[in-house]
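**Student:** Okay, so here is upload.cif, and as you'll see once you scroll down, it has mmCIF, C-alpha atoms.
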data_model
#
loop_
_atom_site.label_atom_id
_atom_site.label_comp_id
_atom_site.auth_asym_id
_atom_site.auth_seq_id
_atom_site.Cartn_x
_atom_site.Cartn_y
_atom_site.Cartn_z
CA MET W 18 15.68 39.52 46.16
CA ARG W 19 13.48 37.14 44.19
CA LYS W 20 14.65 34.21 46.30
CA ARG W 21 13.55 36.01 49.41
CA TRP W 22 10.02 36.57 48.02
CA LEU W 23 9.83 32.92 46.98
CA LEU W 24 10.85 31.80 50.46
CA LEU W 25 8.18 34.04 52.04
CA LEU W 26 5.47 32.64 49.73
CA LEU W 27 6.44 29.06 50.63
CA ALA W 28 6.26 29.89 54.36
CA VAL W 29 2.74 31.39 53.98
CA LEU W 30 1.51 28.36 52.02
CA PHE W 31 2.97 26.00 54.61
CA ALA W 32 1.32 27.93 57.49
CA THR W 33 -2.07 27.88 55.73
CA ALA W 34 -1.80 24.15 55.18
CA LEU W 35 -0.99 23.65 58.86
CA LEU W 36 -4.03 25.73 59.86
CA MET W 37 -6.32 23.70 57.63
CA VAL W 38 -5.04 20.41 59.06
CA GLU W 39 -5.53 21.80 62.59
CA ARG W 40 -9.10 22.80 61.86
CA TYR W 41 -9.96 19.48 60.22
CA THR W 42 -8.68 17.40 63.12
CA GLY W 43 -10.47 19.71 65.54
CA GLU W 44 -13.88 19.14 63.83
CA LEU W 45 -13.28 15.42 63.70
CA GLY W 46 -12.68 15.45 67.41
CA ILE W 47 -15.94 17.30 68.11
CA SER W 48 -18.08 15.10 65.85
CA VAL W 49 -16.59 12.00 67.37
CA GLY W 50 -17.37 13.48 70.78
CA SER W 51 -21.04 14.22 69.94
CA VAL W 52 -21.44 10.75 68.44
CA SER W 53 -20.11 9.18 71.59
CA ASN W 54 -22.52 11.37 73.60
CA ALA W 55 -25.50 10.13 71.51
CA GLU W 56 -24.47 6.51 71.99
CA PRO W 57 -26.53 4.64 74.59
CA ASP W 58 -24.68 3.35 77.55
CA TYR W 59 -27.04 0.39 78.03
CA TYR W 60 -28.83 -1.99 75.64
CA GLY W 61 -31.51 -4.52 76.54
CA GLN W 62 -33.44 -7.21 74.65
CA GLN W 63 -36.89 -8.69 75.51
CA LEU W 64 -37.43 -6.52 78.61
CA GLN W 65 -39.99 -7.85 81.13
CA HIS W 66 -40.92 -5.80 84.15
CA ARG W 67 -43.62 -6.95 86.60
CA ARG W 68 -45.39 -5.03 89.39
CA TYR W 69 -47.27 -6.65 92.24
CA ASP W 70 -49.80 -5.06 94.57
CA VAL W 71 -49.55 -5.14 98.36
CA SER W 72 -51.37 -8.48 98.49
CA GLY W 73 -48.78 -9.97 96.14
CA ARG W 74 -51.07 -10.17 93.13
CA LEU W 75 -49.63 -9.36 89.71
CA GLN W 76 -50.94 -5.92 88.83
CA GLN W 77 -48.93 -4.68 85.86
CA THR W 78 -46.49 -6.06 83.32
CA LEU W 79 -44.27 -3.99 81.03
CA LEU W 80 -42.86 -5.79 78.01
CA SER W 81 -40.56 -4.40 75.36
CA GLN W 82 -38.75 -5.84 72.32
CA GLY W 83 -35.68 -3.78 73.09
CA SER W 84 -34.58 -0.96 75.35
CA SER W 85 -31.62 1.41 75.44
CA HIS W 86 -30.55 4.16 77.83
CA ASN W 87 -28.92 7.39 76.68
CA PRO W 88 -26.91 9.26 79.32
CA HIS W 89 -26.96 12.43 77.22
CA THR W 90 -30.77 12.75 77.03
CA ARG W 91 -31.13 10.91 80.41
CA GLN W 92 -33.88 8.78 78.86
CA THR W 93 -34.62 5.11 78.29
CA HIS W 94 -36.11 4.26 74.90
CA LEU W 95 -38.42 1.23 74.66
CA GLU W 96 -39.10 -0.51 71.33
CA GLN W 97 -42.72 -1.65 70.85
CA PRO W 98 -43.63 -1.43 74.53
CA VAL W 99 -46.73 -3.29 75.78
CA ILE W 100 -48.27 -2.62 79.18
CA LEU W 101 -50.78 -5.08 80.63
CA THR W 102 -52.72 -3.94 83.68
CA ARG W 103 -55.78 -5.15 85.55
CA ASP W 104 -58.51 -2.86 86.88
CA ASP W 105 -60.32 -3.40 90.14
CA GLN W 106 -62.92 -5.53 88.36
CA GLN W 107 -60.12 -7.78 87.12
CA GLN W 108 -60.61 -6.71 83.52
CA THR W 109 -57.28 -6.60 81.65
CA TRP W 110 -56.24 -3.50 79.76
CA ARG W 111 -53.53 -3.54 77.11
CA VAL W 112 -51.59 -0.40 76.18
CA SER W 113 -49.17 -0.62 73.24
CA ALA W 114 -47.19 1.71 70.98
CA ALA W 115 -44.30 1.82 68.53
CA ASP W 116 -42.03 3.67 70.95
CA GLY W 117 -41.86 4.45 74.65
CA TYR W 118 -39.66 6.87 76.60
CA ILE W 119 -38.98 6.95 80.35
CA GLY W 120 -37.01 9.81 81.85
CA ASP W 121 -34.34 9.00 84.46
CA GLY W 122 -35.74 9.07 87.97
CA ASN W 123 -39.29 9.20 86.55
CA SER W 124 -41.96 6.52 86.27
CA LEU W 125 -44.07 8.22 83.60
CA ILE W 126 -43.94 6.53 80.20
CA GLU W 127 -44.40 8.63 77.09
CA LEU W 128 -45.86 6.43 74.39
CA ALA W 129 -45.67 7.51 70.76
CA GLY W 130 -46.67 6.12 67.38
CA GLY W 131 -49.78 3.99 66.84
CA VAL W 132 -50.77 4.06 70.51
CA LEU W 133 -53.58 1.62 71.32
CA VAL W 134 -55.44 1.19 74.62
CA ASP W 135 -57.89 -1.67 74.69
CA SER W 136 -59.84 -3.45 77.36
CA GLN W 137 -60.08 -7.19 76.92
CA PRO W 138 -63.70 -8.45 77.34
CA THR W 139 -64.16 -11.13 79.96
CA ARG W 140 -66.93 -13.68 80.51
CA ALA W 141 -68.37 -11.38 83.18
CA ASN W 142 -67.87 -8.14 81.29
CA GLN W 143 -68.38 -8.22 77.53
CA GLN W 144 -67.93 -4.47 77.18
CA PHE W 145 -64.94 -3.63 75.06
CA LEU W 146 -63.32 -0.23 74.58
CA THR W 147 -60.52 0.59 72.16
CA ILE W 148 -58.76 3.97 72.14
CA SER W 149 -56.27 4.92 69.44
CA THR W 150 -54.06 8.00 69.32
CA GLU W 151 -50.54 9.08 68.36
CA ARG W 152 -49.25 10.17 71.74
CA LEU W 153 -50.12 9.14 75.31
CA MET W 154 -48.62 9.68 78.74
CA TYR W 155 -49.03 6.67 81.03
CA SER W 156 -48.50 6.66 84.78
CA PRO W 157 -47.93 3.13 86.12
CA ASP W 158 -48.13 4.37 89.71
CA ASP W 159 -51.85 5.18 89.54
CA THR W 160 -52.72 3.53 86.18
CA THR W 161 -53.89 6.75 84.60
CA ALA W 162 -53.25 7.91 81.05
CA TRP W 163 -53.79 11.18 79.28
CA SER W 164 -53.32 12.67 75.83
CA ASP W 165 -53.55 16.16 74.37
CA VAL W 166 -53.72 15.02 70.75
CA PRO W 167 -56.79 13.69 68.85
CA VAL W 168 -58.13 10.34 70.06
CA HIS W 169 -60.57 7.87 68.50
CA LEU W 170 -62.70 5.53 70.57
CA ASN W 171 -64.55 2.38 69.61
CA SER W 172 -66.88 0.53 71.99
CA ASN W 173 -69.86 -1.80 72.02
CA SER W 174 -72.28 1.08 71.81
CA GLY W 175 -70.56 3.22 69.18
CA ASN W 176 -67.52 5.39 68.49
CA SER W 177 -66.25 8.83 69.42
CA ASP W 178 -63.64 11.35 68.33
CA ALA W 179 -62.19 13.99 70.64
CA GLY W 180 -59.32 16.45 70.88
CA GLY W 181 -57.80 14.81 73.95
CA MET W 182 -58.56 12.53 76.90
CA LYS W 183 -57.89 11.48 80.50
CA LEU W 184 -58.34 7.83 81.46
CA ASP W 185 -58.39 6.33 84.95
CA LEU W 186 -58.03 2.63 84.23
CA ASN W 187 -58.69 1.49 87.76
CA ARG W 188 -61.88 3.51 88.24
CA GLN W 189 -62.78 2.91 84.56
CA ARG W 190 -63.51 6.60 84.08
CA LEU W 191 -62.76 8.33 80.81
CA GLU W 192 -62.88 12.07 80.19
CA LEU W 193 -62.90 13.36 76.63
CA THR W 194 -61.95 16.96 75.93
CA GLY W 195 -61.85 19.35 73.02
CA LYS W 196 -64.81 18.98 70.65
CA VAL W 197 -66.33 15.54 71.25
CA SER W 198 -68.34 13.81 68.52
CA THR W 199 -70.04 10.52 69.39
CA ARG W 200 -71.95 8.17 67.14
CA TYR W 201 -74.10 5.49 68.79
CA ALA W 202 -74.79 2.51 66.56
CA LYS W 203 -78.39 1.60 65.67
CA PRO W 204 -80.00 -0.29 68.59
CA LEU A 13 -90.84 9.57 63.10
CA GLN A 14 -91.55 5.99 64.13
CA ASP A 15 -88.22 4.83 62.75
CA ASP A 16 -86.21 7.58 64.49
CA TRP A 17 -85.29 4.98 67.10
CA GLN A 18 -83.72 2.75 64.47
CA GLN A 19 -81.36 5.50 63.37
CA GLU A 20 -77.85 6.22 64.56
CA MET A 21 -77.67 8.70 67.42
CA ILE A 22 -75.02 11.42 67.01
CA ILE A 23 -73.94 13.67 69.88
CA GLN A 24 -71.61 16.67 69.65
CA SER A 25 -70.32 18.50 72.74
CA ASN A 26 -67.33 20.34 74.19
CA SER A 27 -66.44 17.51 76.56
CA ALA A 28 -67.68 14.15 77.76
CA GLU A 29 -67.12 11.84 80.70
CA LEU A 30 -67.74 8.09 80.51
CA ASP A 31 -68.10 5.91 83.62
CA ARG A 32 -67.89 2.33 82.38
CA LYS A 33 -68.91 0.84 85.71
CA SER A 34 -72.24 2.61 85.97
CA GLY A 35 -72.76 2.86 82.19
CA MET A 36 -73.32 6.60 82.52
CA VAL A 37 -72.04 9.14 80.00
CA VAL A 38 -72.14 12.91 80.70
CA TYR A 39 -71.79 15.38 77.84
CA GLU A 40 -71.18 19.04 78.63
CA GLY A 41 -70.95 22.31 76.68
CA LYS A 42 -73.13 23.10 73.62
CA VAL A 43 -74.54 19.58 73.52
CA GLN A 44 -76.42 18.59 70.34
CA LEU A 45 -78.10 15.20 70.01
CA THR A 46 -79.64 14.06 66.72
CA GLN A 47 -81.36 10.78 65.93
CA GLY A 48 -83.43 10.80 62.77
CA THR A 49 -85.79 13.78 63.15
CA LEU A 50 -85.22 13.97 66.94
CA LYS A 51 -83.02 16.90 68.00
CA ILE A 52 -82.10 17.93 71.54
CA GLU A 53 -79.91 20.93 72.39
CA ALA A 54 -78.73 21.46 75.98
CA ASP A 55 -75.88 22.61 78.19
CA ARG A 56 -75.56 19.18 79.78
CA LEU A 57 -76.77 15.75 78.74
CA VAL A 58 -76.60 12.56 80.80
CA LEU A 59 -77.16 9.19 79.08
CA MET A 60 -77.77 6.01 81.06
CA PHE A 61 -77.09 2.72 79.29
CA GLU A 62 -77.75 -0.87 80.14
CA GLY A 63 -75.21 -2.70 78.04
CA LYS A 64 -75.72 -1.28 74.56
CA HIS A 65 -79.27 -0.02 75.16
CA LEU A 66 -80.12 3.54 76.14
CA GLN A 67 -82.44 3.59 79.16
CA GLN A 68 -82.79 7.28 79.95
CA ALA A 69 -81.47 10.65 78.80
CA ILE A 70 -81.56 13.82 80.94
CA ALA A 71 -80.91 17.19 79.34
CA ASN A 72 -80.44 20.42 81.29
CA GLY A 73 -80.27 23.90 79.84
CA ASN A 74 -81.51 27.47 79.92
CA PRO A 75 -83.62 26.20 78.37
CA ALA A 76 -82.97 22.79 76.87
CA ASN A 77 -84.69 22.43 73.49
CA TYR A 78 -86.43 19.41 71.96
CA GLU A 79 -87.67 18.95 68.42
CA GLN A 80 -89.11 15.93 66.60
CA LYS A 81 -91.37 15.11 63.64
CA VAL A 82 -93.74 12.59 65.10
CA SER A 83 -95.54 11.65 61.92
CA LYS A 84 -95.06 12.40 58.25
CA ASP A 85 -98.28 14.33 57.84
CA LYS A 86 -97.73 16.56 60.87
CA PRO A 87 -95.36 19.50 61.37
CA VAL A 88 -92.45 19.27 63.80
CA THR A 89 -93.26 19.17 67.53
CA ARG A 90 -91.08 21.62 69.48
CA ALA A 91 -90.62 21.98 73.21
CA SER A 92 -88.33 23.62 75.73
CA ALA A 93 -87.78 23.40 79.48
CA GLU A 94 -85.06 23.68 82.09
CA ARG A 95 -84.91 19.91 82.17
CA ILE A 96 -85.92 17.26 79.61
CA ASP A 97 -86.15 13.59 80.59
CA TYR A 98 -86.43 11.01 77.85
CA PHE A 99 -87.53 7.48 78.86
CA ALA A 100 -86.50 5.10 76.09
CA THR A 101 -88.65 2.07 76.96
CA SER A 102 -91.95 3.96 77.32
CA ARG A 103 -91.04 6.49 74.59
CA GLU A 104 -92.09 9.31 76.87
CA VAL A 105 -90.54 12.75 77.27
CA ALA A 106 -91.02 14.86 80.42
CA PHE A 107 -90.38 18.61 80.31
CA THR A 108 -89.85 20.21 83.71
CA GLY A 109 -89.38 23.88 84.68
CA ASN A 110 -90.97 26.62 82.52
CA ALA A 111 -92.01 23.92 80.12
CA GLU A 112 -93.52 24.82 76.74
CA LEU A 113 -94.64 22.49 73.97
CA ARG A 114 -95.86 23.52 70.50
CA GLN A 115 -97.71 21.09 68.27
CA ASP A 116 -99.15 22.39 65.00
CA SER A 117 -100.21 25.82 66.21
CA ASN A 118 -101.29 24.60 69.66
CA LEU A 119 -99.31 25.66 72.68
CA PHE A 120 -99.06 23.98 76.09
CA SER A 121 -97.15 25.54 78.95
CA GLY A 122 -96.79 24.73 82.63
CA GLU A 123 -94.34 23.52 85.26
CA VAL A 124 -94.35 19.91 84.01
CA ILE A 125 -95.44 18.57 80.61
CA ARG A 126 -95.36 14.87 79.75
CA TYR A 127 -95.52 13.85 76.12
CA ASN A 128 -96.05 10.30 74.91
CA ILE A 129 -94.51 10.00 71.47
CA ASN A 130 -96.28 6.77 70.52
CA THR A 131 -99.80 7.94 71.41
CA GLU A 132 -99.03 11.64 70.80
CA THR A 133 -100.78 12.55 74.07
CA VAL A 134 -99.77 15.57 76.15
CA THR A 135 -100.43 15.93 79.90
CA ALA A 136 -99.50 19.14 81.69
CA ARG A 137 -99.38 20.15 85.35
CA GLY A 138 -98.79 23.43 87.16
CA ALA A 139 -96.31 23.76 89.97
CA GLU A 140 -97.42 22.21 93.29
CA SER A 141 -97.93 24.52 96.24
CA THR A 142 -94.62 24.51 98.06
CA THR A 143 -96.06 24.97 101.58
CA PRO A 144 -97.90 21.82 102.75
CA GLY A 145 -101.43 22.32 104.13
CA LYS A 146 -101.64 25.98 103.14
CA GLN A 147 -104.05 26.40 100.20
CA GLU A 148 -102.07 28.82 98.17
CA GLU A 149 -102.19 29.86 94.52
CA PRO A 150 -99.82 27.35 92.70
CA LYS A 151 -96.73 29.09 91.39
CA GLN A 152 -97.52 28.44 87.75
CA ARG A 153 -100.75 27.15 86.33
CA ILE A 154 -100.96 25.29 83.07
CA ARG A 155 -101.98 27.18 79.95
CA VAL A 156 -103.30 25.57 76.79
CA VAL A 157 -103.94 27.43 73.57
CA ILE A 158 -105.82 25.39 70.96
CA GLN A 159 -106.06 27.08 67.58
CA PRO A 160 -109.47 26.64 65.86
CA ASP A 161 -109.43 24.60 62.68
CA ASP A 162 -109.54 26.67 59.45
CA ALA A 163 -113.20 25.77 58.80
CA GLY A 164 -114.04 29.24 57.60
CA PRO A 165 -116.22 31.88 59.44
CA ALA A 166 -119.07 30.67 61.63
CA GLU A 167 -122.48 31.08 59.79
#
Output the file's structure in the form of structure tokens.
**Tutor:**
Amino acid sequence: MRKRWLLLLLAVLFATALLMVERYTGELGISVGSVSNAEPDYYGQQLQHRRYDVSGRLQQTLLSQGSSHNPHTRQTHLEQPVILTRDDQQQTWRVSAADGYIGDGNSLIELAGGVLVDSQPTRANQQFLTISTERLMYSPDDTTAWSDVPVHLNSNSGNSDAGGMKLDLNRQRLELTGKVSTRYAKP
Amino acid sequence: LQDDWQQEMIIQSNSAELDRKSGMVVYEGKVQLTQGTLKIEADRLVLMFEGKHLQQAIANGNPANYEQKVSKDKPVTRASAERIDYFATSREVAFTGNAELRQDSNLFSGEVIRYNINTETVTARGAESTTPGKQEEPKQRIRVVIQPDDAGPAE
């Protein structure tokens, strides 16, 4: 009788062990699967992308230290992207950030982390304007940019703080929204 | 004060639009401008720059309010109107539309009041007759109230 109980106990222990092994290998499989999903399917180094206008003149350049595409999030990540674009008065604007994200099938670039927009003074136009923020959406198609987080502006005449902004680089028009405070330097 | 113009100008508003080509900046929504003792409150304020220098400021409101201490020994000058134009080079301010200006205890009111900050001179005008040729009572005449000095009762 005792032998029979012993045999039954052994069988239960063995079955439990089997179940635990099954579960462990199952989790392993899933985590490996999610890791492979998170893995990019494309890597790039020193990306350079140029856009020309209808007359063949260089209009915009997108540079990036590195880029990678993730099929799971359907997004391309750009490391330290820099966008150089020229407005219709041939003044160059430089937009830079720590990170950039472009959704598949989309041309909008979401810039994040130490975003800086600055116009480079020229001999003809000594006005400079620098805008800093933490998040900015940039549309290369019509060279507009907008942000719904606090922005800080610095220019020849003074500086401003606002809760958000819309910028049309080509028309050189800037709209500040959400509690604007401007300080004009002494003349 | 004379050195108001050497002070920093600070403007607060709900929104602003900057046109870099024309050098024009438009502030809208509870606009407050301060520069030294100069204060302007309005619904909308347009600033016109030439390079770094302010050329003209136009404030609109219901009404727009102006306040400034022109000299140390005088009380604050206050004014209000539907529109206030400030001309930086000539240091003149024009108040248009139900304009009122108070200096000490004197009161000027009319359709248009022009105030020269350097010379502290005030010129006021009623509204022109709107129908040409027809001699008609002008819409609003100017009104000036000069308070007598406190020289005590006349003997």
**Student:** Counting all atoms listed in the file, which residues of chain A fall within 7 Å of chain W, and what is the closest atom pair for each with its distance in Å at one decimal, ordered by chain and rising number, as JSON lines?
**Tutor:**
{"residue": "A:Gln18", "atom": "CA", "partner": "W:Lys203", "partner_atom": "CA", "distance": 5.6}
{"residue": "A:Gln19", "atom": "CA", "partner": "W:Lys203", "partner_atom": "CA", "distance": 5.4}
{"residue": "A:Glu20", "atom": "CA", "partner": "W:Lys203", "partner_atom": "CA", "distance": 4.8}
{"residue": "A:Met21", "atom": "CA", "partner": "W:Tyr201", "partner_atom": "CA", "distance": 5.0}
{"residue": "A:Ile22", "atom": "CA", "partner": "W:Arg200", "partner_atom": "CA", "distance": 4.5}
{"residue": "A:Ile23", "atom": "CA", "partner": "W:Thr199", "partner_atom": "CA", "distance": 5.0}
{"residue": "A:Gln24", "atom": "CA", "partner": "W:Ser198", "partner_atom": "CA", "distance": 4.5}
{"residue": "A:Ser25", "atom": "CA", "partner": "W:Val197", "partner_atom": "CA", "distance": 5.2}
{"residue": "A:Asn26", "atom": "CA", "partner": "W:Lys196", "partner_atom": "CA", "distance": 4.6}
{"residue": "A:Ser27", "atom": "CA", "partner": "W:Thr194", "partner_atom": "CA", "distance": 4.6}
{"residue": "A:Ala28", "atom": "CA", "partner": "W:Leu193", "partner_atom": "CA", "distance": 5.0}
{"residue": "A:Glu29", "atom": "CA", "partner": "W:Glu192", "partner_atom": "CA", "distance": 4.3}
{"residue": "A:Leu30", "atom": "CA", "partner": "W:Leu191", "partner_atom": "CA", "distance": 5.0}
{"residue": "A:Asp31", "atom": "CA", "partner": "W:Arg190", "partner_atom": "CA", "distance": 4.7}
{"residue": "A:Arg32", "atom": "CA", "partner": "W:Gln189", "partner_atom": "CA", "distance": 5.6}
{"residue": "A:Lys33", "atom": "CA", "partner": "W:Gln189", "partner_atom": "CA", "distance": 6.6}
{"residue": "A:Lys64", "atom": "CA", "partner": "W:Ser174", "partner_atom": "CA", "distance": 5.0}
{"residue": "A:His65", "atom": "CA", "partner": "W:Pro204", "partner_atom": "CA", "distance": 6.6}
**Student:** Enumerate, as a list of chain:residue names, the residues matched when the PyMOL selection byres ((chain A and resi 67-70) around 6) is run on the file above.
**Tutor:**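 Answer for the PyMOL selection byres ((chain A and resi 67-70) around 6): A:Leu57, A:Val58, A:Leu59, A:Met60, A:Phe61, A:Leu66, A:Ala71, A:Ile96, A:Asp97, A:Tyr98, A:Phe99, A:Ala100.
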**Student:** Starting from the shown file, work through the PyMOL selection byres ((chain W and resi 153) around 9) and note down what comes out as a PyMOL selection string.
**Tutor:** chain W and resi 126-129+132+150-152+154-155+162-166
**Student:** To one decimal in Å, tell me the separation between CA of Leu80 in chain W and CA of Asp105 in chain W.
**Tutor:** 21.4 Å
**Student:** Provide the CA of Asn72 in chain A to CA of Glu53 in chain A distance in Å, to one decimal place.
**Tutor:**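 Answer for the CA of Asn72 in chain A to CA of Glu53 in chain A separation: 8.9 Å.
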**Student:** Apply the PyMOL selection byres ((chain W and resi 81) around 10) to the file shown and report the selected residues as number ranges by chain.
**Tutor:** W: 61-66, 79-80, 82-84, 94-100, 113, 115-117
**Student:** Rounded to one decimal, what separation in Å do you get between CA of Val112 in chain W and CA of Leu133 in chain W?
**Tutor:**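 Taking CA of Val112 in chain W as the start and CA of Leu133 in chain W as the end point, the length is 5.6 Å.
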**Student:** Near Thr147 in chain W, counting all atoms listed in the file, which residues have an atom at most 7 Å away, once you skip same-chain residues fewer than 5 positions from it, shown as a ChimeraX atom specification?
**Tutor:** /W:134-136,170-172
**Student:** Please provide the set of residues having any atom within 8 Å of Gly109 in chain A, restricted to all atoms listed in the file, with same-chain residues fewer than 4 positions apart removed, written as number ranges by chain.
**Tutor:** A: 93-95, 122-124
**Student:** Of the candidates A:Gly63, A:Leu113, A:Tyr127, A:Lys81, which one gets nearest to Met36 in chain A if we count all atoms listed in the file?
**Tutor:** A:Gly63
**Student:** With only C-alpha atoms as the atoms that count, which of A:Gly73, A:Lys86, A:Thr49, A:Asp16 lies nearest to Ala111 in chain A?
**Tutor:**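 Closest to Ala111 in chain A, using only C-alpha atoms: A:Gly73.
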